[in-house]
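Structure data (PDB, C-alpha atoms) from protein_5.pdb:
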```pdb
ATOM      1  CA  MET A   1       2.205   1.703  41.324
ATOM      2  CA  GLU A   2       4.699   2.993  38.774
ATOM      3  CA  TYR A   3       3.232   2.038  35.392
ATOM      4  CA  THR A   4       5.865   3.741  33.261
ATOM      5  CA  LYS A   5       8.284   0.840  33.796
ATOM      6  CA  TYR A   6       5.999  -1.193  31.507
ATOM      7  CA  PHE A   7       6.072   1.366  28.686
ATOM      8  CA  SER A   8       7.846   0.612  25.404
ATOM      9  CA  ASN A   9      11.068   2.316  24.335
ATOM     10  CA  VAL A  10       9.041   4.360  21.868
ATOM     11  CA  ALA A  11       6.926   5.683  24.738
ATOM     12  CA  ASP A  12      10.127   6.914  26.408
ATOM     13  CA  TRP A  13      10.763   9.194  23.425
ATOM     14  CA  ALA A  14       7.212  10.516  23.404
ATOM     15  CA  LYS A  15       6.897  13.935  24.886
ATOM     16  CA  SER A  16       3.905  15.952  25.916
ATOM     17  CA  ASN A  17       2.167  17.205  22.786
ATOM     18  CA  PRO A  18       3.084  20.895  22.355
ATOM     19  CA  ILE A  19      -0.030  21.546  20.267
ATOM     20  CA  ARG A  20      -2.231  20.313  23.100
ATOM     21  CA  ARG A  21      -0.435  22.672  25.497
ATOM     22  CA  LEU A  22      -0.950  25.617  23.121
ATOM     23  CA  THR A  23      -4.610  24.761  22.628
ATOM     24  CA  GLY A  24      -5.120  24.860  26.392
ATOM     25  CA  LEU A  25      -4.070  28.508  26.423
ATOM     26  CA  ILE A  26      -6.570  29.799  23.868
ATOM     27  CA  ASN A  27      -9.513  29.626  26.269
ATOM     28  CA  ARG A  28      -7.976  32.046  28.739
ATOM     29  CA  PRO A  29      -9.816  35.374  28.990
ATOM     30  CA  GLY A  30      -8.256  38.156  26.948
ATOM     31  CA  ILE A  31      -6.155  35.838  24.795
ATOM     32  CA  ILE A  32      -6.164  36.480  21.067
ATOM     33  CA  SER A  33      -4.401  33.409  19.796
ATOM     34  CA  PHE A  34      -2.617  33.069  16.500
ATOM     35  CA  ALA A  35      -1.033  29.795  17.637
ATOM     36  CA  GLY A  36      -3.383  26.900  17.108
ATOM     37  CA  GLY A  37      -4.981  27.407  13.726
ATOM     38  CA  VAL A  38      -8.332  27.827  15.454
ATOM     39  CA  PRO A  39     -10.885  29.486  13.149
ATOM     40  CA  SER A  40     -13.194  32.194  14.380
ATOM     41  CA  PRO A  41     -16.590  30.728  15.424
ATOM     42  CA  GLU A  42     -18.297  33.661  13.690
ATOM     43  CA  THR A  43     -17.252  32.135  10.361
ATOM     44  CA  PHE A  44     -18.864  28.736  10.998
ATOM     45  CA  PRO A  45     -21.834  28.033   8.678
ATOM     46  CA  TYR A  46     -24.030  26.651  11.492
ATOM     47  CA  ASN A  47     -27.308  26.706   9.568
ATOM     48  CA  GLU A  48     -25.863  25.052   6.469
ATOM     49  CA  ILE A  49     -24.194  22.311   8.536
ATOM     50  CA  ALA A  50     -27.412  21.651  10.481
ATOM     51  CA  GLU A  51     -29.405  21.442   7.244
ATOM     52  CA  ILE A  52     -26.932  19.055   5.586
ATOM     53  CA  ALA A  53     -26.643  16.851   8.702
ATOM     54  CA  SER A  54     -30.421  16.643   9.022
ATOM     55  CA  ARG A  55     -30.842  15.732   5.356
ATOM     56  CA  ILE A  56     -28.148  13.033   5.519
ATOM     57  CA  VAL A  57     -29.581  11.442   8.681
ATOM     58  CA  HIS A  58     -33.084  11.422   7.198
ATOM     59  CA  GLU A  59     -31.894   9.989   3.867
ATOM     60  CA  LYS A  60     -29.367   7.437   5.141
ATOM     61  CA  GLY A  61     -30.711   6.651   8.615
ATOM     62  CA  ALA A  62     -28.657   4.385  10.859
ATOM     63  CA  GLU A  63     -26.051   3.832   8.129
ATOM     64  CA  VAL A  64     -24.434   7.213   8.792
ATOM     65  CA  LEU A  65     -24.354   6.670  12.554
ATOM     66  CA  GLN A  66     -22.539   3.322  12.426
ATOM     67  CA  TYR A  67     -18.812   2.722  12.415
ATOM     68  CA  GLY A  68     -17.356   2.842   8.955
ATOM     69  CA  LEU A  69     -14.444   1.073   7.357
ATOM     70  CA  THR A  70     -11.089   1.807   8.972
ATOM     71  CA  ARG A  71      -9.625   2.896   5.666
ATOM     72  CA  GLY A  72     -12.419   5.448   5.219
ATOM     73  CA  ASN A  73     -15.642   5.984   3.352
ATOM     74  CA  ARG A  74     -15.518   4.134   0.023
ATOM     75  CA  GLN A  75     -17.526   6.814  -1.803
ATOM     76  CA  LEU A  76     -15.204   9.562  -0.584
ATOM     77  CA  ILE A  77     -12.145   7.580  -1.656
ATOM     78  CA  GLU A  78     -13.657   6.993  -5.114
ATOM     79  CA  TYR A  79     -14.474  10.702  -5.369
ATOM     80  CA  LEU A  80     -10.882  11.610  -4.479
ATOM     81  CA  VAL A  81      -9.514   9.169  -7.071
ATOM     82  CA  ASP A  82     -11.756  10.773  -9.697
ATOM     83  CA  GLN A  83     -10.701  14.302  -8.708
ATOM     84  CA  MET A  84      -7.011  13.400  -8.803
ATOM     85  CA  GLN A  85      -7.348  11.722 -12.191
ATOM     86  CA  ARG A  86      -9.125  14.817 -13.539
ATOM     87  CA  ARG A  87      -6.026  16.749 -12.510
ATOM     88  CA  GLY A  88      -3.760  14.327 -14.369
ATOM     89  CA  ILE A  89      -2.626  12.372 -11.298
ATOM     90  CA  LYS A  90      -2.822   8.619 -11.919
ATOM     91  CA  THR A  91      -4.013   6.844  -8.783
ATOM     92  CA  ASN A  92      -6.413   4.213  -7.519
ATOM     93  CA  ALA A  93      -8.389   3.575  -4.336
ATOM     94  CA  GLU A  94      -5.647   1.394  -2.826
ATOM     95  CA  GLU A  95      -3.250   4.355  -2.948
ATOM     96  CA  ILE A  96      -5.550   6.676  -0.974
ATOM     97  CA  MET A  97      -5.422   6.827   2.805
ATOM     98  CA  LEU A  98      -7.842   8.978   4.772
ATOM     99  CA  THR A  99      -6.839  10.240   8.204
ATOM    100  CA  SER A 100      -8.670  12.075  10.944
ATOM    101  CA  GLY A 101      -6.478  15.107  10.285
ATOM    102  CA  SER A 102      -3.006  16.290   9.390
ATOM    103  CA  GLN A 103      -1.524  15.287  12.733
ATOM    104  CA  GLN A 104      -2.588  11.670  12.341
ATOM    105  CA  GLY A 105      -1.175  11.687   8.819
ATOM    106  CA  LEU A 106       2.153  13.073  10.044
ATOM    107  CA  ASP A 107       2.276  10.506  12.848
ATOM    108  CA  LEU A 108       1.647   7.649  10.417
ATOM    109  CA  LEU A 109       4.282   8.944   7.992
ATOM    110  CA  ALA A 110       6.831   9.296  10.787
ATOM    111  CA  ARG A 111       6.184   5.703  11.884
ATOM    112  CA  LEU A 112       6.450   4.507   8.296
ATOM    113  CA  LEU A 113       9.616   6.367   7.306
ATOM    114  CA  ALA A 114      11.731   7.055  10.402
ATOM    115  CA  GLU A 115      13.433   4.767  12.865
ATOM    116  CA  PRO A 116      15.256   5.547  16.105
ATOM    117  CA  GLY A 117      18.412   7.502  15.372
ATOM    118  CA  ASP A 118      17.549   8.331  11.753
ATOM    119  CA  ILE A 119      18.735  11.783  10.762
ATOM    120  CA  VAL A 120      15.908  14.010   9.584
ATOM    121  CA  LEU A 121      16.466  17.455   8.121
ATOM    122  CA  ALA A 122      13.674  19.878   8.991
ATOM    123  CA  GLU A 123      13.143  23.438   7.857
ATOM    124  CA  LEU A 124      13.453  26.186  10.467
ATOM    125  CA  PRO A 125      10.973  27.350  11.500
ATOM    126  CA  SER A 126       8.800  24.298  11.071
ATOM    127  CA  TYR A 127       5.366  23.022  11.979
ATOM    128  CA  ILE A 128       5.636  21.801  15.549
ATOM    129  CA  GLY A 129       3.258  18.897  14.899
ATOM    130  CA  GLY A 130       5.568  17.468  12.237
ATOM    131  CA  THR A 131       8.683  17.717  14.379
ATOM    132  CA  TYR A 132       6.739  16.260  17.318
ATOM    133  CA  ALA A 133       5.759  13.193  15.267
ATOM    134  CA  LEU A 134       9.341  12.635  14.096
ATOM    135  CA  ASN A 135      10.762  13.085  17.600
ATOM    136  CA  ASN A 136       8.285  10.556  18.950
ATOM    137  CA  VAL A 137       9.686   7.792  16.757
ATOM    138  CA  GLY A 138      13.247   8.612  17.768
ATOM    139  CA  GLY A 139      14.259  10.663  14.753
ATOM    140  CA  THR A 140      17.239  12.980  15.198
ATOM    141  CA  LEU A 141      16.135  16.338  13.806
ATOM    142  CA  THR A 142      18.593  18.819  12.338
ATOM    143  CA  GLY A 143      17.392  22.284  11.369
ATOM    144  CA  ILE A 144      17.838  23.764   7.904
ATOM    145  CA  PRO A 145      17.271  27.499   7.399
ATOM    146  CA  MET A 146      14.713  28.875   4.998
ATOM    147  CA  ALA A 147      15.566  31.015   1.987
ATOM    148  CA  GLU A 148      13.211  33.663   0.660
ATOM    149  CA  ASP A 149      11.497  31.192  -1.675
ATOM    150  CA  GLY A 150      11.579  28.050   0.483
ATOM    151  CA  LEU A 151      14.058  25.603   1.922
ATOM    152  CA  ASP A 152      17.687  26.745   1.560
ATOM    153  CA  LEU A 153      18.923  24.087  -0.865
ATOM    154  CA  THR A 154      22.563  25.090  -0.442
ATOM    155  CA  ALA A 155      22.227  24.482   3.295
ATOM    156  CA  VAL A 156      20.583  21.112   2.563
ATOM    157  CA  ARG A 157      23.486  20.098   0.310
ATOM    158  CA  ASP A 158      26.057  21.270   2.853
ATOM    159  CA  LYS A 159      24.343  19.398   5.701
ATOM    160  CA  VAL A 160      24.031  16.178   3.686
ATOM    161  CA  LEU A 161      27.734  16.347   2.747
ATOM    162  CA  LYS A 162      28.731  17.091   6.346
ATOM    163  CA  MET A 163      26.690  14.135   7.604
ATOM    164  CA  ARG A 164      28.263  11.907   4.964
ATOM    165  CA  ASP A 165      31.746  13.006   6.070
ATOM    166  CA  LEU A 166      30.761  11.997   9.623
ATOM    167  CA  GLY A 167      29.693   8.565   8.377
ATOM    168  CA  CYS A 168      25.997   9.352   8.723
ATOM    169  CA  GLN A 169      23.217   9.372   6.179
ATOM    170  CA  VAL A 170      20.242  11.710   6.092
ATOM    171  CA  LYS A 171      17.118   9.531   5.973
ATOM    172  CA  LEU A 172      14.546  12.151   5.017
ATOM    173  CA  ILE A 173      13.735  15.832   4.774
ATOM    174  CA  TYR A 174      10.652  17.280   6.450
ATOM    175  CA  THR A 175       9.528  20.343   4.535
ATOM    176  CA  ILE A 176       6.296  22.190   3.882
ATOM    177  CA  PRO A 177       6.468  23.127   0.199
ATOM    178  CA  ASN A 178       3.432  25.404   0.134
ATOM    179  CA  PHE A 179       1.861  27.742   2.699
ATOM    180  CA  GLN A 180       4.801  27.174   5.057
ATOM    181  CA  ASN A 181       3.734  26.768   8.685
ATOM    182  CA  PRO A 182       4.373  28.690  10.901
ATOM    183  CA  SER A 183       5.739  31.513   8.754
ATOM    184  CA  GLY A 184       3.028  31.488   6.074
TER     185      GLY A 184
END
```
What is this file in structure tokens?
Amino acid sequence: MEYTKYFSNVADWAKSNPIRRLTGLINRPGIISFAGGVPSPETFPYNEIAEIASRIVHEKGAEVLQYGLTRGNRQLIEYLVDQMQRRGIKTNAEEIMLTSGSQQGLDLLARLLAEPGDIVLAELPSYIGGTYALNNVGGTLTGIPMAEDGLDLTAVRDKVLKMRDLGCQVKLIYTIPNFQNPSG
């Protein structure tokens, strides 16, 4: 039976995850991968993690093995609010969202901000996970070159003006303002 005929329009835009394909390559013999952000196992603090996990399970028991709240651990959220406020960032627990990782966060942001056909400017090169998330919601990505110190703002201005002349509006800009990925 052909199940794809029952898929939503959004599923039609979804493509195979390029990160998953890259990750599949790192286990091949002789491969030294710089692609997936995979840390060296020699750097893992195995003993410290085992000690902390054992202590937490003994102190908290079944509580730590149960499902938690979907929005995340309340104590962690409160800790993050406190840390942000110490840094002069006014926030509260309702403004904090925990995700299982950066990819989930990017996916949620793409769903929140972009709609099919929206024009999205993205720096070139860019993090493939971010462009993947935006493509999967039907965003139309347009590349913007990088300058020595970040996104080429002249190119951004020129692209926005060109889109406006074509009767289009840029909906958002996807950029990585610090530690640019993949170029560093």
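Computed from the coordinates, the atom CA of A:Ala53 to atom CA of A:Tyr67 distance equals 16.6 Å.
Listed by chain and then by number, the residues chosen by the PyMOL selection byres ((chain A and resi 77) around 10) in this file are A:Arg71, A:Gly72, A:Asn73, A:Arg74, A:Gln75, A:Leu76, A:Glu78, A:Tyr79, A:Leu80, A:Val81, A:Asp82, A:Gln83, A:Asn92, A:Ala93, A:Glu94, A:Glu95, A:Ile96, A:Met97, A:Leu98.
If you measure from each of A:Ala147, A:Glu48, A:Thr131, A:Ile119 to A:Gln169 using all atoms listed in the file, the closest one turns out to be A:Ile119.
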Margin query: Here is a test: counting all atoms listed in the file, which residue of A:Leu112, A:Val160, A:Leu121, A:Val137 is nearest to A:Ile176?
Written below: A:Leu121
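Across the model, the gap from atom CA of A:Lys162 to atom CA of A:Asp149 is 23.7 Å.
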As AutoDock Vina command-line options, please: the centre and edge lengths in Å, to one decimal, of an axis-aligned box enclosing every listed atom of stretch 117-133 of chain A with 3 Å added on each side.
```
--center_x 11.0 --center_y 17.4 --center_z 12.6 --size_x 21.5 --size_y 25.8 --size_z 15.5
```
Note to self: Evaluate the PyMOL selection byres ((chain A and resi 168) around 12) against this structure - the residues, as a list in words, please.
What the structure shows: Gly117, Asp118, Ile119, Val120, Thr140, Lys159, Val160, Leu161, Lys162, Met163, Arg164, Asp165, Leu166, Gly167, Gln169, Val170 and Lys171 of chain A
Notebook entry, point to check: Interatomic distance between atom CA of A:Leu106 and atom CA of A:Glu63?
Noted result: 29.7 Å
Residues matched by the PyMOL selection byres ((chain A and resi 111) around 12) as a PDB file with C-alpha atoms, keeping the file's coordinate frame:
```pdb
ATOM      1  CA  VAL A  10       9.041   4.360  21.868  1.00  0.00           C
ATOM      2  CA  GLN A 104      -2.588  11.670  12.341  1.00  0.00           C
ATOM      3  CA  GLY A 105      -1.175  11.687   8.819  1.00  0.00           C
ATOM      4  CA  LEU A 106       2.153  13.073  10.044  1.00  0.00           C
ATOM      5  CA  ASP A 107       2.276  10.506  12.848  1.00  0.00           C
ATOM      6  CA  LEU A 108       1.647   7.649  10.417  1.00  0.00           C
ATOM      7  CA  LEU A 109       4.282   8.944   7.992  1.00  0.00           C
ATOM      8  CA  ALA A 110       6.831   9.296  10.787  1.00  0.00           C
ATOM      9  CA  LEU A 112       6.450   4.507   8.296  1.00  0.00           C
ATOM     10  CA  LEU A 113       9.616   6.367   7.306  1.00  0.00           C
ATOM     11  CA  ALA A 114      11.731   7.055  10.402  1.00  0.00           C
ATOM     12  CA  GLU A 115      13.433   4.767  12.865  1.00  0.00           C
ATOM     13  CA  PRO A 116      15.256   5.547  16.105  1.00  0.00           C
ATOM     14  CA  ASP A 118      17.549   8.331  11.753  1.00  0.00           C
ATOM     15  CA  GLY A 130       5.568  17.468  12.237  1.00  0.00           C
ATOM     16  CA  TYR A 132       6.739  16.260  17.318  1.00  0.00           C
ATOM     17  CA  ALA A 133       5.759  13.193  15.267  1.00  0.00           C
ATOM     18  CA  LEU A 134       9.341  12.635  14.096  1.00  0.00           C
ATOM     19  CA  ASN A 135      10.762  13.085  17.600  1.00  0.00           C
ATOM     20  CA  ASN A 136       8.285  10.556  18.950  1.00  0.00           C
ATOM     21  CA  VAL A 137       9.686   7.792  16.757  1.00  0.00           C
ATOM     22  CA  GLY A 138      13.247   8.612  17.768  1.00  0.00           C
ATOM     23  CA  GLY A 139      14.259  10.663  14.753  1.00  0.00           C
TER      24      GLY A 139
END
```
Check: Taking (9.4, 27.8, 11.3) in the file's coordinates as the center, which residues reach within 12 Å of it, counting all atoms listed in the file, put as a ChimeraX atom specification?
Finding: /A:122-131,143-147,150-151,174-176,179-184
